[in-house]
$ cat query-v1.cif   # mmCIF, C-alpha atoms
data_entry
#
loop_
_atom_site.label_atom_id
_atom_site.label_comp_id
_atom_site.auth_asym_id
_atom_site.auth_seq_id
_atom_site.Cartn_x
_atom_site.Cartn_y
_atom_site.Cartn_z
CA MET F 273 0.00 0.00 0.00
CA GLY F 274 1.22 3.44 -0.90
CA THR F 275 1.84 6.61 0.99
CA VAL F 276 -1.26 8.39 2.26
CA PHE F 277 -1.58 12.07 1.36
CA LEU F 278 -3.86 14.54 3.13
CA ARG F 279 -5.70 17.47 1.57
CA ARG F 280 -8.28 19.98 2.71
CA LEU F 281 -11.53 20.65 0.93
CA SER F 282 -13.58 23.83 0.91
CA ARG F 283 -17.33 23.67 1.57
CA TRP F 284 -18.00 23.72 -2.15
CA GLN F 285 -15.47 20.93 -2.81
CA ALA F 286 -16.95 18.84 0.02
CA GLU F 287 -20.41 19.20 -1.48
CA SER F 288 -19.16 18.34 -4.96
CA GLN F 289 -17.37 15.23 -3.64
CA ARG F 290 -20.23 14.10 -1.41
CA GLU F 291 -20.62 10.79 -3.26
CA GLN F 292 -16.96 9.85 -2.71
CA ILE F 293 -17.15 10.92 0.95
CA ALA F 294 -20.29 8.78 1.29
CA ASP F 295 -18.31 5.83 -0.12
CA ILE F 296 -15.77 6.26 2.69
CA HIS F 297 -18.58 6.50 5.24
CA GLY F 298 -20.22 3.32 3.97
CA ALA F 299 -16.98 1.34 4.03
CA ALA F 300 -15.84 2.71 7.40
CA TYR F 301 -19.12 2.01 9.20
CA ARG F 302 -20.14 -1.21 7.48
CA ASP F 303 -19.19 -3.31 10.54
CA ALA F 304 -19.28 -0.54 13.16
CA TYR F 305 -20.28 -1.09 16.76
CA GLY F 306 -23.66 -0.07 18.08
CA ALA F 307 -26.29 1.86 16.19
CA LEU F 308 -26.72 1.23 12.51
CA PRO F 309 -24.86 3.73 10.37
CA LEU F 310 -26.84 6.25 8.39
CA GLU F 311 -28.10 5.09 5.04
CA ARG F 312 -26.07 6.56 2.17
CA GLN F 313 -28.65 9.21 1.19
CA ASP F 314 -29.24 10.16 4.84
CA PHE F 315 -25.49 10.62 5.32
CA ILE F 316 -25.25 12.77 2.18
CA ARG F 317 -28.24 14.83 3.31
CA ARG F 318 -26.71 15.40 6.78
CA LEU F 319 -23.34 16.27 5.24
CA THR F 320 -24.67 18.75 2.68
CA GLU F 321 -27.70 20.21 4.48
CA HIS F 322 -26.32 20.34 8.02
CA ASP F 323 -22.60 19.76 8.54
CA VAL F 324 -21.19 21.68 5.57
CA GLN F 325 -23.48 24.59 6.45
CA GLN F 326 -21.93 25.02 9.90
CA GLU F 327 -19.71 28.04 10.42
CA ASP F 328 -15.98 27.23 10.24
CA PHE F 329 -16.64 23.83 8.62
CA ASP F 330 -13.36 22.07 7.83
CA LEU F 331 -12.72 18.75 6.07
CA VAL F 332 -9.54 16.75 5.47
CA LEU F 333 -9.35 13.79 3.07
CA ALA F 334 -6.76 11.00 3.01
CA SER F 335 -5.88 9.30 -0.26
CA ASP F 336 -3.34 6.85 -1.65
CA PRO F 337 -4.44 8.02 -4.47
CA ALA F 338 -7.90 6.46 -3.88
CA LEU F 339 -9.79 7.99 -0.96
CA VAL F 340 -9.13 6.03 2.22
CA GLY F 341 -10.38 8.34 4.99
CA ALA F 342 -11.92 11.63 5.98
CA ALA F 343 -12.31 13.82 9.04
CA TYR F 344 -14.46 16.89 9.36
CA GLY F 345 -15.90 19.18 11.95
CA PHE F 346 -16.81 22.74 12.82
CA ARG F 347 -16.91 25.31 15.60
CA VAL F 348 -20.16 25.63 17.45
CA GLU F 349 -21.61 28.61 19.26
CA ARG F 350 -24.13 28.06 22.04
CA ASP F 351 -27.02 29.43 20.00
CA SER F 352 -26.22 27.37 16.90
CA ALA F 353 -28.60 24.77 15.53
CA TRP F 354 -26.17 21.98 16.48
CA TRP F 355 -26.69 22.49 20.22
CA GLN F 356 -30.46 22.66 19.80
CA GLU F 357 -30.41 18.98 18.82
CA PHE F 358 -29.58 17.99 22.43
CA GLN F 359 -31.33 17.95 25.79
CA ASP F 360 -29.60 19.01 29.00
CA VAL F 361 -26.21 20.33 27.82
CA PRO F 362 -23.73 20.10 30.74
CA ALA F 363 -22.90 23.50 32.27
CA GLU F 364 -19.13 23.32 31.65
CA ILE F 365 -19.62 22.58 27.96
CA ASP F 366 -22.35 25.23 27.76
CA GLU F 367 -19.91 27.85 29.13
CA LEU F 368 -17.27 27.03 26.55
CA ALA F 369 -19.84 27.06 23.76
CA ALA F 370 -21.10 30.48 24.81
CA SER F 371 -17.66 31.94 24.14
CA ARG F 372 -17.24 30.09 20.82
CA GLN F 373 -14.50 27.85 22.16
CA VAL F 374 -15.73 24.42 21.02
CA PHE F 375 -14.78 22.51 17.86
CA VAL F 376 -16.89 19.41 17.14
CA VAL F 377 -15.25 16.51 15.31
CA ALA F 378 -18.37 15.42 13.42
CA GLU F 379 -16.79 12.49 11.55
CA LEU F 380 -13.53 10.59 11.60
CA MET F 381 -13.59 7.61 9.26
CA VAL F 382 -11.02 5.34 7.65
CA ILE F 383 -11.71 2.37 5.40
CA PRO F 384 -10.95 -0.96 7.10
CA ALA F 385 -8.02 -1.84 4.78
CA ARG F 386 -6.10 1.27 5.92
CA ARG F 387 -6.74 1.08 9.65
CA ARG F 388 -3.87 0.67 12.12
CA GLU F 389 -1.63 2.72 9.81
CA ARG F 390 -2.06 5.99 11.74
CA VAL F 391 -4.31 7.42 9.01
CA ALA F 392 -6.96 8.43 11.57
CA THR F 393 -4.29 9.98 13.80
CA ARG F 394 -2.97 12.06 10.91
CA LEU F 395 -6.47 13.11 9.83
CA LEU F 396 -7.45 14.21 13.33
CA THR F 397 -4.16 16.02 13.95
CA ASP F 398 -4.44 17.91 10.67
CA LEU F 399 -8.10 18.75 11.24
CA LEU F 400 -7.44 20.16 14.71
CA ALA F 401 -4.27 22.00 13.68
CA ARG F 402 -6.29 24.76 11.98
CA ALA F 403 -8.91 24.98 14.70
CA ASN F 404 -8.05 27.30 17.54
CA PRO F 405 -10.64 26.46 20.20
CA ALA F 406 -10.11 25.69 23.85
CA VAL F 407 -11.75 22.27 23.56
CA ALA F 408 -12.51 19.72 20.85
CA LEU F 409 -15.50 17.39 21.27
CA ALA F 410 -16.42 14.09 19.68
CA LEU F 411 -19.61 12.10 20.22
CA LEU F 412 -19.19 8.33 20.46
CA GLU F 413 -21.65 5.49 20.68
CA PRO F 414 -21.80 4.27 24.29
CA GLY F 415 -19.80 1.08 24.61
CA ASP F 416 -17.83 1.52 21.36
CA SER F 417 -14.55 0.23 22.78
CA THR F 418 -12.66 0.61 19.49
CA ALA F 419 -13.44 4.33 19.21
CA ARG F 420 -12.95 4.83 22.94
CA THR F 421 -9.49 3.21 22.82
CA ALA F 422 -8.48 5.36 19.85
CA TYR F 423 -9.60 8.62 21.45
CA GLN F 424 -7.92 7.69 24.75
CA SER F 425 -4.66 7.03 22.89
CA TRP F 426 -4.91 10.55 21.43
CA GLY F 427 -5.25 12.12 24.88
CA TRP F 428 -9.04 12.61 24.92
CA THR F 429 -11.15 11.99 28.03
CA LYS F 430 -14.78 11.08 28.55
CA SER F 431 -16.60 14.21 29.70
CA GLY F 432 -20.15 12.98 30.12
CA GLN F 433 -22.97 12.58 27.65
CA LEU F 434 -25.29 14.51 25.37
CA THR F 435 -28.73 13.21 24.57
CA PRO F 436 -30.08 14.00 21.11
CA LEU F 437 -33.76 14.90 21.08
CA GLU F 438 -34.72 11.83 19.06
CA ALA F 439 -31.91 9.34 19.63
CA PRO F 440 -30.09 7.50 22.41
CA PRO F 441 -27.43 9.34 24.46
CA LYS F 442 -23.91 9.73 23.07
CA GLU F 443 -20.70 9.74 25.06
CA VAL F 444 -18.96 13.12 24.92
CA TRP F 445 -15.19 12.87 24.62
CA SER F 446 -13.12 16.03 24.86
CA ARG F 447 -9.59 17.24 24.54
CA VAL F 448 -8.15 20.54 25.66
CA LEU F 449 -6.15 21.98 22.78
CA ASP F 450 -2.86 23.80 23.10
CA GLY F 451 -3.65 26.29 20.44
#
$ encode --input "query-v1.cif" --output "structure tokens"
Amino acid sequence: MGTVFLRRLSRWQAESQREQIADIHGAAYRDAYGALPLERQDFIRRLTEHDVQQEDFDLVLASDPALVGAAYGFRVERDSAWWQEFQDVPAEIDELAASRQVFVVAELMVIPARRRERVATRLLTDLLARANPAVALALLEPGDSTARTAYQSWGWTKSGQLTPLEAPPKEVWSRVLDG
């Protein structure tokens, strides 16, 4: 297998490559723990109608030259639509969000054939390098030991949970950023 290269996409580029990003999502979550992954069209709809529309959206792709992974996220302010999807936001996270200090890692996905090659580590590092918030957050399925182990190895800690209005609770993992 060849060298993996990373590149950033603008919002417009992300929307125009939504089908290829959906391919990565499908492959990465095919055998995932817990809840069933979004159907392809539901993922594309969430990507293009919600995630890409967030302020400070950022996306990094990994390729070898075929696409093998992607990571994306965005900053969230307390009054943004993203927070309105949850019940009972913990006070400490609410405080950070009020001052625009939170970056949400919305997706981190690598195709199974390229796992354990530090592709996810590189994607996450590159994604967070441009963000300048106090804290980064990721939402994990409760009990997903594979994701939990990865985030722990990157210095993240479990910070509680957020409960979406129409879905089961998600574990909130956070990392204080240097930058």
$ resolve_selection --input "query-v1.cif" --expression "the PyMOL selection byres ((chain F and resi 300) around 6)" --output "ChimeraX atom specification"
/F:296-299,301-302,381-383
$ atom_distance --input "query-v1.cif" --atom1 "atom CA of Phe358 of chain F" --atom2 "atom CA of Glu413 of chain F"
14.9 Å
$ atom_distance --input "query-v1.cif" --atom1 "atom CA of Ala410 of chain F" --atom2 "atom CA of Leu331 of chain F"
14.9 Å
$ resolve_selection --input "query-v1.cif" --expression "the PyMOL selection byres ((chain F and resi 408) around 6)" --output "list in words"
Val374, Phe375, Val376, Val407, Leu409, Ser446 and Arg447 of chain F
$ closest_residue --input "query-v1.cif" --among "F:Glu357, F:Asp295, F:Asp314, F:Glu349" --to "Leu434 of chain F" --atoms "all atoms listed in the file"
F:Glu357
$ closest_residue --input "query-v1.cif" --among "F:Leu310, F:Ile316, F:Val332, F:Ala406" --to "Glu287 of chain F" --atoms "all atoms listed in the file"
F:Ile316
$ resolve_selection --input "query-v1.cif" --expression "the PyMOL selection byres ((chain F and resi 340) around 12)" --output "number ranges by chain"
F: 273-279, 292-300, 332-339, 341-343, 380-387, 389-392, 395
$ atom_distance --input "query-v1.cif" --atom1 "atom CA of Gly427 of chain F" --atom2 "atom CA of Arg347 of chain F"
19.9 Å
$ residues_around --input "query-v1.cif" --residues "Leu411 of chain F" --least-positions-apart "2" --cutoff "8 Å" --atoms "only C-alpha atoms" --output "ChimeraX atom specification"
/F:377-378,409,413,442-445
$ residues_around --input "query-v1.cif" --residues "Gln359 of chain F" --least-positions-apart "4" --cutoff "7 Å" --atoms "all atoms listed in the file" --output "PyMOL selection string"
chain F and resi 434-437
$ closest_residue --input "query-v1.cif" --among "F:Thr393, F:Pro440, F:Leu399, F:Gln313" --to "Gln424 of chain F" --atoms "all atoms listed in the file"
F:Thr393
$ build_atoms --input "query-v1.cif" --residues "segment 431-449 of chain F" --atoms "N, CA, C and O atoms" --output "short mmCIF file (atom, residue, chain, number, x, y, z; two decimals), in the coordinates of the input"
data_model
loop_
_atom_site.label_atom_id
_atom_site.label_comp_id
_atom_site.auth_asym_id
_atom_site.auth_seq_id
_atom_site.Cartn_x
_atom_site.Cartn_y
_atom_site.Cartn_z
N SER F 431 -16.16 13.02 28.96
CA SER F 431 -16.60 14.21 29.70
C SER F 431 -18.08 14.18 30.06
O SER F 431 -18.61 15.18 30.49
N GLY F 432 -18.73 13.07 29.83
CA GLY F 432 -20.15 12.98 30.12
C GLY F 432 -20.92 12.50 28.91
O GLY F 432 -20.41 11.71 28.12
N GLN F 433 -22.14 12.99 28.79
CA GLN F 433 -22.97 12.58 27.65
C GLN F 433 -23.88 13.72 27.21
O GLN F 433 -24.19 14.62 27.97
N LEU F 434 -24.26 13.64 25.94
CA LEU F 434 -25.29 14.51 25.37
C LEU F 434 -26.39 13.59 24.85
O LEU F 434 -26.10 12.54 24.27
N THR F 435 -27.61 14.01 25.03
CA THR F 435 -28.73 13.21 24.57
C THR F 435 -29.44 13.94 23.44
O THR F 435 -30.06 14.99 23.67
N PRO F 436 -29.33 13.40 22.23
CA PRO F 436 -30.08 14.00 21.11
C PRO F 436 -31.58 13.92 21.40
O PRO F 436 -32.05 13.04 22.12
N LEU F 437 -32.32 14.85 20.83
CA LEU F 437 -33.76 14.90 21.08
C LEU F 437 -34.47 13.63 20.65
O LEU F 437 -35.42 13.20 21.29
N GLU F 438 -34.01 13.00 19.58
CA GLU F 438 -34.72 11.83 19.06
C GLU F 438 -33.80 10.64 18.86
O GLU F 438 -33.97 9.87 17.91
N ALA F 439 -32.83 10.46 19.76
CA ALA F 439 -31.91 9.34 19.63
C ALA F 439 -31.34 9.00 21.01
O ALA F 439 -31.47 9.80 21.94
N PRO F 440 -30.69 7.85 21.13
CA PRO F 440 -30.09 7.50 22.41
C PRO F 440 -28.92 8.42 22.75
O PRO F 440 -28.33 9.05 21.86
N PRO F 441 -28.55 8.49 24.04
CA PRO F 441 -27.43 9.34 24.46
C PRO F 441 -26.12 8.96 23.76
O PRO F 441 -25.92 7.81 23.39
N LYS F 442 -25.25 9.93 23.63
CA LYS F 442 -23.91 9.73 23.07
C LYS F 442 -22.89 10.10 24.14
O LYS F 442 -23.10 11.04 24.91
N GLU F 443 -21.80 9.38 24.18
CA GLU F 443 -20.70 9.74 25.06
C GLU F 443 -20.01 10.97 24.49
O GLU F 443 -19.76 11.04 23.29
N VAL F 444 -19.70 11.93 25.33
CA VAL F 444 -18.96 13.12 24.92
C VAL F 444 -17.51 12.92 25.34
O VAL F 444 -17.21 12.70 26.51
N TRP F 445 -16.63 12.96 24.37
CA TRP F 445 -15.19 12.87 24.62
C TRP F 445 -14.60 14.22 24.27
O TRP F 445 -15.01 14.86 23.29
N SER F 446 -13.67 14.69 25.08
CA SER F 446 -13.12 16.03 24.86
C SER F 446 -11.61 16.01 25.00
O SER F 446 -11.01 15.11 25.59
N ARG F 447 -11.03 17.04 24.43
CA ARG F 447 -9.59 17.24 24.54
C ARG F 447 -9.33 18.73 24.58
O ARG F 447 -9.81 19.48 23.73
N VAL F 448 -8.57 19.15 25.58
CA VAL F 448 -8.15 20.54 25.66
C VAL F 448 -7.03 20.71 24.65
O VAL F 448 -6.08 19.92 24.61
N LEU F 449 -7.15 21.75 23.82
CA LEU F 449 -6.15 21.98 22.78
C LEU F 449 -5.14 23.03 23.23
O LEU F 449 -5.47 23.94 23.97
#
